[in-house]
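Data from data_37.cif: mmCIF, C-alpha atoms
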```cif
data_target
#
loop_
_atom_site.label_atom_id
_atom_site.label_comp_id
_atom_site.auth_asym_id
_atom_site.auth_seq_id
_atom_site.Cartn_x
_atom_site.Cartn_y
_atom_site.Cartn_z
CA MET A 1 78.61 2.26 -30.55
CA ALA A 2 75.86 2.08 -28.01
CA ALA A 3 72.89 2.51 -30.32
CA ALA A 4 71.74 -0.66 -32.02
CA ALA A 5 71.23 -0.38 -35.76
CA PRO A 6 67.65 -0.66 -36.92
CA GLN A 7 66.68 -3.20 -39.58
CA SER A 8 66.26 -0.47 -42.14
CA VAL A 9 68.54 2.50 -41.50
CA ASN A 10 66.82 5.69 -40.40
CA PHE A 11 69.67 8.10 -41.06
CA GLU A 12 68.26 10.82 -38.82
CA GLU A 13 67.91 8.46 -35.87
CA VAL A 14 71.35 6.97 -36.47
CA SER A 15 72.85 10.45 -36.60
CA LYS A 16 71.19 11.60 -33.38
CA ALA A 17 72.13 8.47 -31.46
CA PHE A 18 75.68 8.62 -32.80
CA THR A 19 76.34 12.28 -32.00
CA GLN A 20 74.87 11.94 -28.52
CA HIS A 21 77.10 8.94 -27.86
CA PHE A 22 80.20 10.35 -29.52
CA TYR A 23 80.32 13.71 -27.75
CA MET A 24 79.30 12.35 -24.36
CA THR A 25 82.08 9.78 -24.67
CA PHE A 26 84.63 12.34 -25.89
CA ASP A 27 83.84 14.68 -23.01
CA THR A 28 83.68 12.08 -20.22
CA ASN A 29 85.72 9.03 -21.26
CA ARG A 30 87.80 9.68 -24.36
CA GLU A 31 89.29 6.16 -24.37
CA GLY A 32 85.78 4.87 -24.94
CA LEU A 33 85.86 6.25 -28.49
CA ALA A 34 88.10 3.35 -29.56
CA SER A 35 85.20 1.03 -30.23
CA LEU A 36 83.85 3.43 -32.87
CA TYR A 37 86.92 2.98 -35.10
CA THR A 38 88.37 0.03 -37.00
CA ASP A 39 91.80 -0.58 -38.49
CA GLN A 40 90.48 0.84 -41.76
CA SER A 41 89.02 4.04 -40.31
CA LEU A 42 90.34 7.27 -41.79
CA MET A 43 90.62 10.45 -39.75
CA THR A 44 91.86 13.89 -40.67
CA TYR A 45 92.32 16.03 -37.57
CA GLU A 46 93.20 19.64 -38.26
CA GLY A 47 94.89 18.56 -41.48
CA THR A 48 96.76 15.56 -40.07
CA GLN A 49 95.82 12.31 -41.81
CA ILE A 50 95.57 9.25 -39.58
CA MET A 51 94.51 5.69 -40.36
CA GLY A 52 93.35 2.95 -38.03
CA GLN A 53 92.00 2.65 -34.52
CA ALA A 54 95.39 2.51 -32.76
CA ALA A 55 96.79 5.61 -34.46
CA ILE A 56 93.54 7.48 -34.00
CA MET A 57 93.49 6.71 -30.28
CA ASN A 58 97.10 7.87 -29.99
CA LYS A 59 96.01 11.12 -31.61
CA TYR A 60 93.18 11.50 -29.10
CA ARG A 61 95.67 10.97 -26.27
CA SER A 62 98.01 13.66 -27.62
CA LEU A 63 95.54 16.50 -28.03
CA GLY A 64 97.11 18.42 -25.17
CA PHE A 65 94.03 18.75 -23.02
CA ASN A 66 92.17 16.39 -20.72
CA GLN A 67 88.83 18.09 -20.22
CA ALA A 68 86.68 19.33 -23.05
CA LYS A 69 83.04 20.12 -23.54
CA HIS A 70 81.31 20.08 -26.91
CA ASN A 71 78.24 22.26 -27.36
CA ILE A 72 76.48 21.09 -30.52
CA LYS A 73 74.85 23.87 -32.51
CA THR A 74 73.79 22.06 -35.69
CA GLN A 75 73.59 18.45 -36.77
CA ASP A 76 72.69 17.36 -40.29
CA ALA A 77 72.43 13.82 -41.62
CA HIS A 78 72.27 12.33 -45.10
CA PRO A 79 71.89 8.80 -46.39
CA ASN A 80 74.79 7.65 -48.54
CA PRO A 81 73.05 6.94 -51.87
CA LEU A 82 75.76 4.46 -52.81
CA GLN A 83 75.39 2.31 -49.71
CA PRO A 84 72.08 1.58 -47.97
CA ASN A 85 73.59 1.17 -44.52
CA ALA A 86 75.86 4.19 -44.44
CA VAL A 87 75.14 7.66 -43.08
CA ILE A 88 76.89 11.02 -43.45
CA VAL A 89 76.76 13.18 -40.31
CA PHE A 90 77.81 16.82 -40.25
CA VAL A 91 78.14 18.70 -36.97
CA THR A 92 79.01 22.27 -36.05
CA GLY A 93 79.34 23.70 -32.58
CA ASP A 94 81.54 25.15 -29.87
CA LEU A 95 84.42 23.36 -28.23
CA GLN A 96 85.36 24.52 -24.74
CA ILE A 97 88.77 23.30 -23.62
CA GLU A 98 89.94 23.36 -20.03
CA GLY A 99 91.90 26.45 -19.14
CA GLN A 100 90.76 28.45 -22.15
CA GLU A 101 88.55 31.44 -21.56
CA TYR A 102 86.43 31.16 -24.69
CA PRO A 103 85.08 28.22 -26.68
CA MET A 104 86.19 27.68 -30.29
CA LYS A 105 83.98 27.01 -33.29
CA PHE A 106 84.44 23.59 -34.83
CA ALA A 107 82.94 21.59 -37.67
CA GLU A 108 83.32 17.92 -38.45
CA VAL A 109 81.97 15.22 -40.68
CA PHE A 110 81.51 11.51 -40.01
CA HIS A 111 80.82 8.77 -42.52
CA LEU A 112 79.20 5.95 -40.54
CA VAL A 113 78.90 2.42 -41.82
CA GLN A 114 76.76 -0.31 -40.32
CA THR A 115 78.72 -3.39 -39.32
CA GLY A 116 76.56 -6.06 -37.79
CA ALA A 117 74.38 -4.55 -35.09
CA SER A 118 76.18 -1.23 -34.79
CA PHE A 119 77.84 1.58 -36.71
CA ILE A 120 81.54 2.36 -37.01
CA ILE A 121 83.25 5.53 -38.24
CA ALA A 122 84.69 4.91 -41.71
CA ASN A 123 85.66 8.55 -42.28
CA HIS A 124 86.11 11.40 -39.81
CA ILE A 125 87.31 14.91 -40.63
CA PHE A 126 87.64 17.55 -37.89
CA ARG A 127 88.41 21.25 -38.24
CA LEU A 128 88.38 24.21 -35.94
CA ASN A 129 86.64 27.02 -37.81
CA ILE A 130 88.63 29.97 -36.56
CA GLY A 131 91.21 32.50 -37.71
CA MET B 1 82.39 19.41 -63.68
CA ALA B 2 85.32 20.76 -65.62
CA ALA B 3 87.96 18.36 -64.36
CA ALA B 4 88.07 15.02 -66.13
CA ALA B 5 88.14 12.03 -63.84
CA PRO B 6 91.38 10.08 -63.85
CA GLN B 7 91.37 6.35 -64.54
CA SER B 8 92.15 5.62 -60.92
CA VAL B 9 90.72 8.22 -58.58
CA ASN B 10 93.26 10.42 -56.82
CA PHE B 11 91.00 11.80 -54.13
CA GLU B 12 93.27 14.75 -53.34
CA GLU B 13 93.41 15.84 -56.97
CA VAL B 14 89.69 15.36 -57.43
CA SER B 15 89.02 17.44 -54.33
CA LYS B 16 91.30 20.28 -55.42
CA ALA B 17 89.89 20.41 -58.94
CA PHE B 18 86.35 20.24 -57.62
CA THR B 19 86.66 22.96 -55.01
CA GLN B 20 88.43 25.30 -57.42
CA HIS B 21 85.68 24.76 -59.99
CA PHE B 22 82.79 24.89 -57.49
CA TYR B 23 83.68 28.14 -55.75
CA MET B 24 84.76 29.95 -58.91
CA THR B 25 81.44 28.99 -60.48
CA PHE B 26 79.44 29.93 -57.37
CA ASP B 27 81.11 33.34 -57.20
CA THR B 28 80.99 34.20 -60.92
CA ASN B 29 78.16 32.21 -62.56
CA ARG B 30 75.94 30.50 -60.01
CA GLU B 31 73.69 28.97 -62.69
CA GLY B 32 76.70 27.01 -63.86
CA LEU B 33 76.50 24.86 -60.73
CA ALA B 34 73.54 22.97 -62.20
CA SER B 35 75.71 20.51 -64.08
CA LEU B 36 77.24 19.33 -60.79
CA TYR B 37 73.89 17.97 -59.51
CA THR B 38 71.57 15.21 -60.67
CA ASP B 39 67.92 14.48 -59.90
CA GLN B 40 69.13 12.25 -57.05
CA SER B 41 71.47 14.80 -55.45
CA LEU B 42 70.77 15.61 -51.80
CA MET B 43 71.49 19.02 -50.33
CA THR B 44 70.98 20.39 -46.85
CA TYR B 45 71.41 24.14 -46.81
CA GLU B 46 71.34 25.70 -43.35
CA GLY B 47 69.05 22.91 -42.20
CA THR B 48 66.72 22.90 -45.22
CA GLN B 49 66.65 19.55 -47.01
CA ILE B 50 66.45 19.68 -50.81
CA MET B 51 66.54 16.91 -53.39
CA GLY B 52 67.33 17.08 -57.09
CA GLN B 53 69.00 19.47 -59.49
CA ALA B 54 65.92 21.62 -60.17
CA ALA B 55 65.06 22.21 -56.51
CA ILE B 56 68.70 22.82 -55.65
CA MET B 57 69.03 25.44 -58.38
CA ASN B 58 65.85 27.12 -57.14
CA LYS B 59 67.46 27.27 -53.72
CA TYR B 60 70.59 28.85 -55.19
CA ARG B 61 68.40 31.47 -56.91
CA SER B 62 66.61 32.32 -53.67
CA LEU B 63 69.61 32.92 -51.42
CA GLY B 64 68.90 36.65 -51.27
CA PHE B 65 72.22 37.85 -52.61
CA ASN B 66 73.75 38.02 -56.06
CA GLN B 67 77.43 38.56 -55.37
CA ALA B 68 79.43 36.40 -53.02
CA LYS B 69 83.07 35.59 -52.55
CA HIS B 70 84.33 32.41 -50.89
CA ASN B 71 87.73 32.48 -49.26
CA ILE B 72 88.76 28.87 -48.64
CA LYS B 73 90.74 28.33 -45.45
CA THR B 74 90.94 24.54 -45.26
CA GLN B 75 90.15 21.70 -47.62
CA ASP B 76 90.32 18.05 -46.63
CA ALA B 77 89.59 15.02 -48.79
CA HIS B 78 88.96 11.35 -48.06
CA PRO B 79 88.34 8.36 -50.26
CA ASN B 80 85.01 6.65 -49.64
CA PRO B 81 86.12 3.18 -48.54
CA LEU B 82 82.82 1.70 -49.69
CA GLN B 83 83.05 3.00 -53.25
CA PRO B 84 86.29 3.28 -55.23
CA ASN B 85 85.17 6.24 -57.32
CA ALA B 86 83.67 8.43 -54.62
CA VAL B 87 85.35 11.20 -52.65
CA ILE B 88 84.40 13.08 -49.49
CA VAL B 89 85.42 16.76 -49.52
CA PHE B 90 85.27 18.99 -46.45
CA VAL B 91 85.79 22.74 -46.73
CA THR B 92 85.91 25.59 -44.23
CA GLY B 93 86.37 29.25 -44.98
CA ASP B 94 84.92 32.74 -45.07
CA LEU B 95 81.92 33.80 -47.11
CA GLN B 96 81.72 37.47 -48.01
CA ILE B 97 78.28 38.52 -49.22
CA GLU B 98 77.61 41.78 -51.04
CA GLY B 99 76.52 44.59 -48.78
CA GLN B 100 77.73 42.91 -45.59
CA GLU B 101 80.62 44.47 -43.77
CA TYR B 102 82.22 41.28 -42.49
CA PRO B 103 82.62 37.79 -43.94
CA MET B 104 80.96 34.82 -42.20
CA LYS B 105 82.56 31.50 -41.31
CA PHE B 106 81.13 28.54 -43.18
CA ALA B 107 81.76 24.81 -43.38
CA GLU B 108 80.44 22.33 -45.89
CA VAL B 109 80.83 18.76 -47.00
CA PHE B 110 80.49 17.24 -50.46
CA HIS B 111 80.21 13.58 -51.36
CA LEU B 112 81.35 13.33 -54.98
CA VAL B 113 80.67 10.33 -57.19
CA GLN B 114 82.28 9.61 -60.52
CA THR B 115 79.79 9.25 -63.35
CA GLY B 116 81.44 8.59 -66.66
CA ALA B 117 84.24 11.08 -67.23
CA SER B 118 83.32 13.51 -64.46
CA PHE B 119 82.11 13.82 -60.88
CA ILE B 120 78.70 14.84 -59.60
CA ILE B 121 77.63 15.91 -56.12
CA ALA B 122 75.67 13.09 -54.49
CA ASN B 123 75.51 14.79 -51.06
CA HIS B 124 76.06 18.43 -50.08
CA ILE B 125 75.62 19.89 -46.61
CA PHE B 126 76.25 23.59 -45.97
CA ARG B 127 76.33 25.45 -42.66
CA LEU B 128 77.34 28.88 -41.56
CA ASN B 129 79.46 28.45 -38.44
CA ILE B 130 78.37 31.48 -36.48
CA GLY B 131 76.33 32.48 -33.46
#
```
Please express what this file holds, its structure, as structure tokens.
Amino acid sequence: MAAAAPQSVNFEEVSKAFTQHFYMTFDTNREGLASLYTDQSLMTYEGTQIMGQAAIMNKYRSLGFNQAKHNIKTQDAHPNPLQPNAVIVFVTGDLQIEGQEYPMKFAEVFHLVQTGASFIIANHIFRLNIG
Amino acid sequence: MAAAAPQSVNFEEVSKAFTQHFYMTFDTNREGLASLYTDQSLMTYEGTQIMGQAAIMNKYRSLGFNQAKHNIKTQDAHPNPLQPNAVIVFVTGDLQIEGQEYPMKFAEVFHLVQTGASFIIANHIFRLNIG
């Protein structure tokens, strides 16, 4: 990702830099998300389990909409007590999809792990919070 | 928690046993949640950061309602790739609080870590998904 990792992880700063980068990239250049995932990354998207950068990017390409806008309402971050350079990020907000009149509530969690000078997404779980 | 940890962690089974136990305990005997937390547990409840079993239980006692009912809509589980005996659990659903006409959407994430024969909550982030 764009934000360089500090020498000693400040989980709040990592979380803010990550979410800013992630949602801006999702909403303006979805293909750019690829660099955030590795072949070991795990994603669950609305209940569908996906593993690895290639499969995850295929999922992003098949979402059925091109334009989306995320409006972040809350963002919480935790250190992972088992791993000094890992951060848990939890986000809730509204997702506005092109052609839909109203935005939808969503919630998602990211488990970020420092690899070299940056962070990758080890775990990613997304859910709409509707119905 | 009630469910014994298997020799090799099945993250789906751990997640199901945990969520069943957690929400039944929350809704029928909130004090019983204490055994799920340690002095190192981290909780963020609606943006308020809390550390340790004692402070977390004080938070549970100060929620302002006695009776609640969780209706789980989705439950997703991931292994923690950095730690063989840790599980990430993500839940969305409806929370019905006594005296309120309508339930509220909520979402929360748990990072569970095996300690001996059972699992404790290392990280817990809760958010209402409203407004």
Check: Mind listing as a PyMOL selection string all residues within 8 Å of (79.7, 7.1, -28.1), counting only C-alpha atoms?
Finding: chain A and resi 1-2+18-26+32-33+36
Since I can't run it myself right now, could you work out what the PyMOL selection byres ((chain A and resi 31) around 12) selects here and report it as number ranges by chain? A: 22, 24-30, 32-37, 53-54, 56-62, 66
Query - chain B contacts to chain A at 12 Å (all atoms listed in the file) as a VMD selection string - result: chain B and resid 40 to 51 72 to 94 103 to 114 121 to 131
Taking all listed atoms of range 57-62 of chain B, build the axis-aligned box, pad each of the six sides by 3 Å, then write its centre and edge lengths in Å to one decimal as lines of an AutoDock Vina configuration file.
```
center_x = 68.2
center_y = 28.9
center_z = -56.0
size_x = 10.7
size_y = 12.9
size_z = 10.7
```
Taken to one decimal, the CA of Gly52 in chain A-CA of Glu12 in chain B distance is 19.3 Å
What separates CA of Leu95 in chain A and CA of Gln67 in chain A is a distance of 10.6 Å
For CA of Val14 in chain A and CA of Gln96 in chain A, quote the distance in Å rounded to one decimal.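 For CA of Val14 in chain A relative to CA of Gln96 in chain A, the distance reads 25.3 Å.
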All in-order C-alpha pairs, least squares, chain B moved onto chain A. Output the fitted coordinates as a PDB file with C-alpha atoms, keeping the file's coordinate frame, please.
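Final output, saved to superposed.pdb:
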```
ATOM      1  CA  MET B   1      78.544   2.322 -30.532  1.00  0.00           C
ATOM      2  CA  ALA B   2      75.792   2.138 -27.970  1.00  0.00           C
ATOM      3  CA  ALA B   3      72.842   2.510 -30.311  1.00  0.00           C
ATOM      4  CA  ALA B   4      71.737  -0.676 -32.021  1.00  0.00           C
ATOM      5  CA  ALA B   5      71.257  -0.376 -35.745  1.00  0.00           C
ATOM      6  CA  PRO B   6      67.676  -0.661 -36.927  1.00  0.00           C
ATOM      7  CA  GLN B   7      66.730  -3.202 -39.580  1.00  0.00           C
ATOM      8  CA  SER B   8      66.258  -0.454 -42.125  1.00  0.00           C
ATOM      9  CA  VAL B   9      68.534   2.498 -41.505  1.00  0.00           C
ATOM     10  CA  ASN B  10      66.817   5.691 -40.389  1.00  0.00           C
ATOM     11  CA  PHE B  11      69.653   8.088 -41.065  1.00  0.00           C
ATOM     12  CA  GLU B  12      68.250  10.824 -38.824  1.00  0.00           C
ATOM     13  CA  GLU B  13      67.917   8.474 -35.866  1.00  0.00           C
ATOM     14  CA  VAL B  14      71.336   6.977 -36.460  1.00  0.00           C
ATOM     15  CA  SER B  15      72.853  10.450 -36.599  1.00  0.00           C
ATOM     16  CA  LYS B  16      71.181  11.597 -33.383  1.00  0.00           C
ATOM     17  CA  ALA B  17      72.133   8.467 -31.463  1.00  0.00           C
ATOM     18  CA  PHE B  18      75.672   8.627 -32.788  1.00  0.00           C
ATOM     19  CA  THR B  19      76.332  12.269 -32.006  1.00  0.00           C
ATOM     20  CA  GLN B  20      74.871  11.955 -28.515  1.00  0.00           C
ATOM     21  CA  HIS B  21      77.077   8.932 -27.845  1.00  0.00           C
ATOM     22  CA  PHE B  22      80.206  10.366 -29.512  1.00  0.00           C
ATOM     23  CA  TYR B  23      80.322  13.714 -27.734  1.00  0.00           C
ATOM     24  CA  MET B  24      79.310  12.347 -24.337  1.00  0.00           C
ATOM     25  CA  THR B  25      82.092   9.784 -24.646  1.00  0.00           C
ATOM     26  CA  PHE B  26      84.627  12.351 -25.886  1.00  0.00           C
ATOM     27  CA  ASP B  27      83.833  14.686 -22.993  1.00  0.00           C
ATOM     28  CA  THR B  28      83.687  12.079 -20.204  1.00  0.00           C
ATOM     29  CA  ASN B  29      85.748   9.028 -21.252  1.00  0.00           C
ATOM     30  CA  ARG B  30      87.807   9.684 -24.364  1.00  0.00           C
ATOM     31  CA  GLU B  31      89.287   6.163 -24.377  1.00  0.00           C
ATOM     32  CA  GLY B  32      85.782   4.873 -24.940  1.00  0.00           C
ATOM     33  CA  LEU B  33      85.862   6.240 -28.487  1.00  0.00           C
ATOM     34  CA  ALA B  34      88.093   3.350 -29.566  1.00  0.00           C
ATOM     35  CA  SER B  35      85.193   1.020 -30.240  1.00  0.00           C
ATOM     36  CA  LEU B  36      83.851   3.435 -32.871  1.00  0.00           C
ATOM     37  CA  TYR B  37      86.924   2.978 -35.120  1.00  0.00           C
ATOM     38  CA  THR B  38      88.374   0.029 -37.004  1.00  0.00           C
ATOM     39  CA  ASP B  39      91.819  -0.581 -38.488  1.00  0.00           C
ATOM     40  CA  GLN B  40      90.487   0.844 -41.767  1.00  0.00           C
ATOM     41  CA  SER B  41      89.024   4.045 -40.301  1.00  0.00           C
ATOM     42  CA  LEU B  42      90.342   7.288 -41.790  1.00  0.00           C
ATOM     43  CA  MET B  43      90.625  10.460 -39.751  1.00  0.00           C
ATOM     44  CA  THR B  44      91.870  13.905 -40.664  1.00  0.00           C
ATOM     45  CA  TYR B  45      92.334  16.024 -37.574  1.00  0.00           C
ATOM     46  CA  GLU B  46      93.196  19.656 -38.266  1.00  0.00           C
ATOM     47  CA  GLY B  47      94.897  18.582 -41.477  1.00  0.00           C
ATOM     48  CA  THR B  48      96.766  15.570 -40.068  1.00  0.00           C
ATOM     49  CA  GLN B  49      95.830  12.320 -41.797  1.00  0.00           C
ATOM     50  CA  ILE B  50      95.580   9.243 -39.568  1.00  0.00           C
ATOM     51  CA  MET B  51      94.527   5.693 -40.358  1.00  0.00           C
ATOM     52  CA  GLY B  52      93.344   2.950 -38.029  1.00  0.00           C
ATOM     53  CA  GLN B  53      91.993   2.648 -34.516  1.00  0.00           C
ATOM     54  CA  ALA B  54      95.380   2.513 -32.761  1.00  0.00           C
ATOM     55  CA  ALA B  55      96.802   5.610 -34.456  1.00  0.00           C
ATOM     56  CA  ILE B  56      93.541   7.484 -33.992  1.00  0.00           C
ATOM     57  CA  MET B  57      93.494   6.722 -30.271  1.00  0.00           C
ATOM     58  CA  ASN B  58      97.107   7.881 -29.997  1.00  0.00           C
ATOM     59  CA  LYS B  59      96.015  11.125 -31.608  1.00  0.00           C
ATOM     60  CA  TYR B  60      93.182  11.493 -29.099  1.00  0.00           C
ATOM     61  CA  ARG B  61      95.691  10.967 -26.262  1.00  0.00           C
ATOM     62  CA  SER B  62      98.018  13.642 -27.623  1.00  0.00           C
ATOM     63  CA  LEU B  63      95.545  16.495 -28.032  1.00  0.00           C
ATOM     64  CA  GLY B  64      97.118  18.427 -25.163  1.00  0.00           C
ATOM     65  CA  PHE B  65      94.030  18.744 -23.015  1.00  0.00           C
ATOM     66  CA  ASN B  66      92.165  16.377 -20.736  1.00  0.00           C
ATOM     67  CA  GLN B  67      88.827  18.084 -20.228  1.00  0.00           C
ATOM     68  CA  ALA B  68      86.687  19.323 -23.069  1.00  0.00           C
ATOM     69  CA  LYS B  69      83.046  20.127 -23.542  1.00  0.00           C
ATOM     70  CA  HIS B  70      81.295  20.090 -26.917  1.00  0.00           C
ATOM     71  CA  ASN B  71      78.235  22.250 -27.359  1.00  0.00           C
ATOM     72  CA  ILE B  72      76.477  21.084 -30.525  1.00  0.00           C
ATOM     73  CA  LYS B  73      74.838  23.861 -32.522  1.00  0.00           C
ATOM     74  CA  THR B  74      73.785  22.055 -35.696  1.00  0.00           C
ATOM     75  CA  GLN B  75      73.591  18.442 -36.776  1.00  0.00           C
ATOM     76  CA  ASP B  76      72.699  17.356 -40.291  1.00  0.00           C
ATOM     77  CA  ALA B  77      72.428  13.820 -41.633  1.00  0.00           C
ATOM     78  CA  HIS B  78      72.270  12.324 -45.116  1.00  0.00           C
ATOM     79  CA  PRO B  79      71.897   8.802 -46.389  1.00  0.00           C
ATOM     80  CA  ASN B  80      74.787   7.625 -48.548  1.00  0.00           C
ATOM     81  CA  PRO B  81      73.044   6.944 -51.861  1.00  0.00           C
ATOM     82  CA  LEU B  82      75.738   4.452 -52.829  1.00  0.00           C
ATOM     83  CA  GLN B  83      75.377   2.291 -49.728  1.00  0.00           C
ATOM     84  CA  PRO B  84      72.071   1.580 -47.978  1.00  0.00           C
ATOM     85  CA  ASN B  85      73.582   1.182 -44.522  1.00  0.00           C
ATOM     86  CA  ALA B  86      75.875   4.194 -44.448  1.00  0.00           C
ATOM     87  CA  VAL B  87      75.146   7.660 -43.094  1.00  0.00           C
ATOM     88  CA  ILE B  88      76.894  11.011 -43.464  1.00  0.00           C
ATOM     89  CA  VAL B  89      76.764  13.173 -40.319  1.00  0.00           C
ATOM     90  CA  PHE B  90      77.811  16.823 -40.255  1.00  0.00           C
ATOM     91  CA  VAL B  91      78.149  18.702 -36.973  1.00  0.00           C
ATOM     92  CA  THR B  92      79.009  22.278 -36.047  1.00  0.00           C
ATOM     93  CA  GLY B  93      79.326  23.712 -32.581  1.00  0.00           C
ATOM     94  CA  ASP B  94      81.527  25.149 -29.864  1.00  0.00           C
ATOM     95  CA  LEU B  95      84.414  23.347 -28.220  1.00  0.00           C
ATOM     96  CA  GLN B  96      85.351  24.510 -24.743  1.00  0.00           C
ATOM     97  CA  ILE B  97      88.763  23.277 -23.631  1.00  0.00           C
ATOM     98  CA  GLU B  98      89.943  23.363 -20.027  1.00  0.00           C
ATOM     99  CA  GLY B  99      91.931  26.440 -19.148  1.00  0.00           C
ATOM    100  CA  GLN B 100      90.769  28.434 -22.170  1.00  0.00           C
ATOM    101  CA  GLU B 101      88.572  31.419 -21.567  1.00  0.00           C
ATOM    102  CA  TYR B 102      86.444  31.146 -24.693  1.00  0.00           C
ATOM    103  CA  PRO B 103      85.064  28.209 -26.670  1.00  0.00           C
ATOM    104  CA  MET B 104      86.188  27.668 -30.282  1.00  0.00           C
ATOM    105  CA  LYS B 105      83.982  27.008 -33.294  1.00  0.00           C
ATOM    106  CA  PHE B 106      84.438  23.582 -34.829  1.00  0.00           C
ATOM    107  CA  ALA B 107      82.935  21.590 -37.680  1.00  0.00           C
ATOM    108  CA  GLU B 108      83.318  17.922 -38.448  1.00  0.00           C
ATOM    109  CA  VAL B 109      81.971  15.217 -40.683  1.00  0.00           C
ATOM    110  CA  PHE B 110      81.514  11.511 -40.010  1.00  0.00           C
ATOM    111  CA  HIS B 111      80.819   8.773 -42.521  1.00  0.00           C
ATOM    112  CA  LEU B 112      79.211   5.954 -40.537  1.00  0.00           C
ATOM    113  CA  VAL B 113      78.892   2.405 -41.819  1.00  0.00           C
ATOM    114  CA  GLN B 114      76.757  -0.317 -40.324  1.00  0.00           C
ATOM    115  CA  THR B 115      78.723  -3.396 -39.328  1.00  0.00           C
ATOM    116  CA  GLY B 116      76.566  -6.060 -37.790  1.00  0.00           C
ATOM    117  CA  ALA B 117      74.375  -4.553 -35.089  1.00  0.00           C
ATOM    118  CA  SER B 118      76.174  -1.222 -34.787  1.00  0.00           C
ATOM    119  CA  PHE B 119      77.858   1.580 -36.708  1.00  0.00           C
ATOM    120  CA  ILE B 120      81.544   2.368 -37.024  1.00  0.00           C
ATOM    121  CA  ILE B 121      83.258   5.524 -38.251  1.00  0.00           C
ATOM    122  CA  ALA B 122      84.694   4.902 -41.716  1.00  0.00           C
ATOM    123  CA  ASN B 123      85.671   8.563 -42.288  1.00  0.00           C
ATOM    124  CA  HIS B 124      86.111  11.418 -39.805  1.00  0.00           C
ATOM    125  CA  ILE B 125      87.308  14.918 -40.630  1.00  0.00           C
ATOM    126  CA  PHE B 126      87.643  17.547 -37.896  1.00  0.00           C
ATOM    127  CA  ARG B 127      88.411  21.250 -38.240  1.00  0.00           C
ATOM    128  CA  LEU B 128      88.374  24.199 -35.939  1.00  0.00           C
ATOM    129  CA  ASN B 129      86.617  27.010 -37.789  1.00  0.00           C
ATOM    130  CA  ILE B 130      88.619  29.959 -36.561  1.00  0.00           C
ATOM    131  CA  GLY B 131      91.195  32.476 -37.706  1.00  0.00           C
TER     132      GLY B 131
END
```
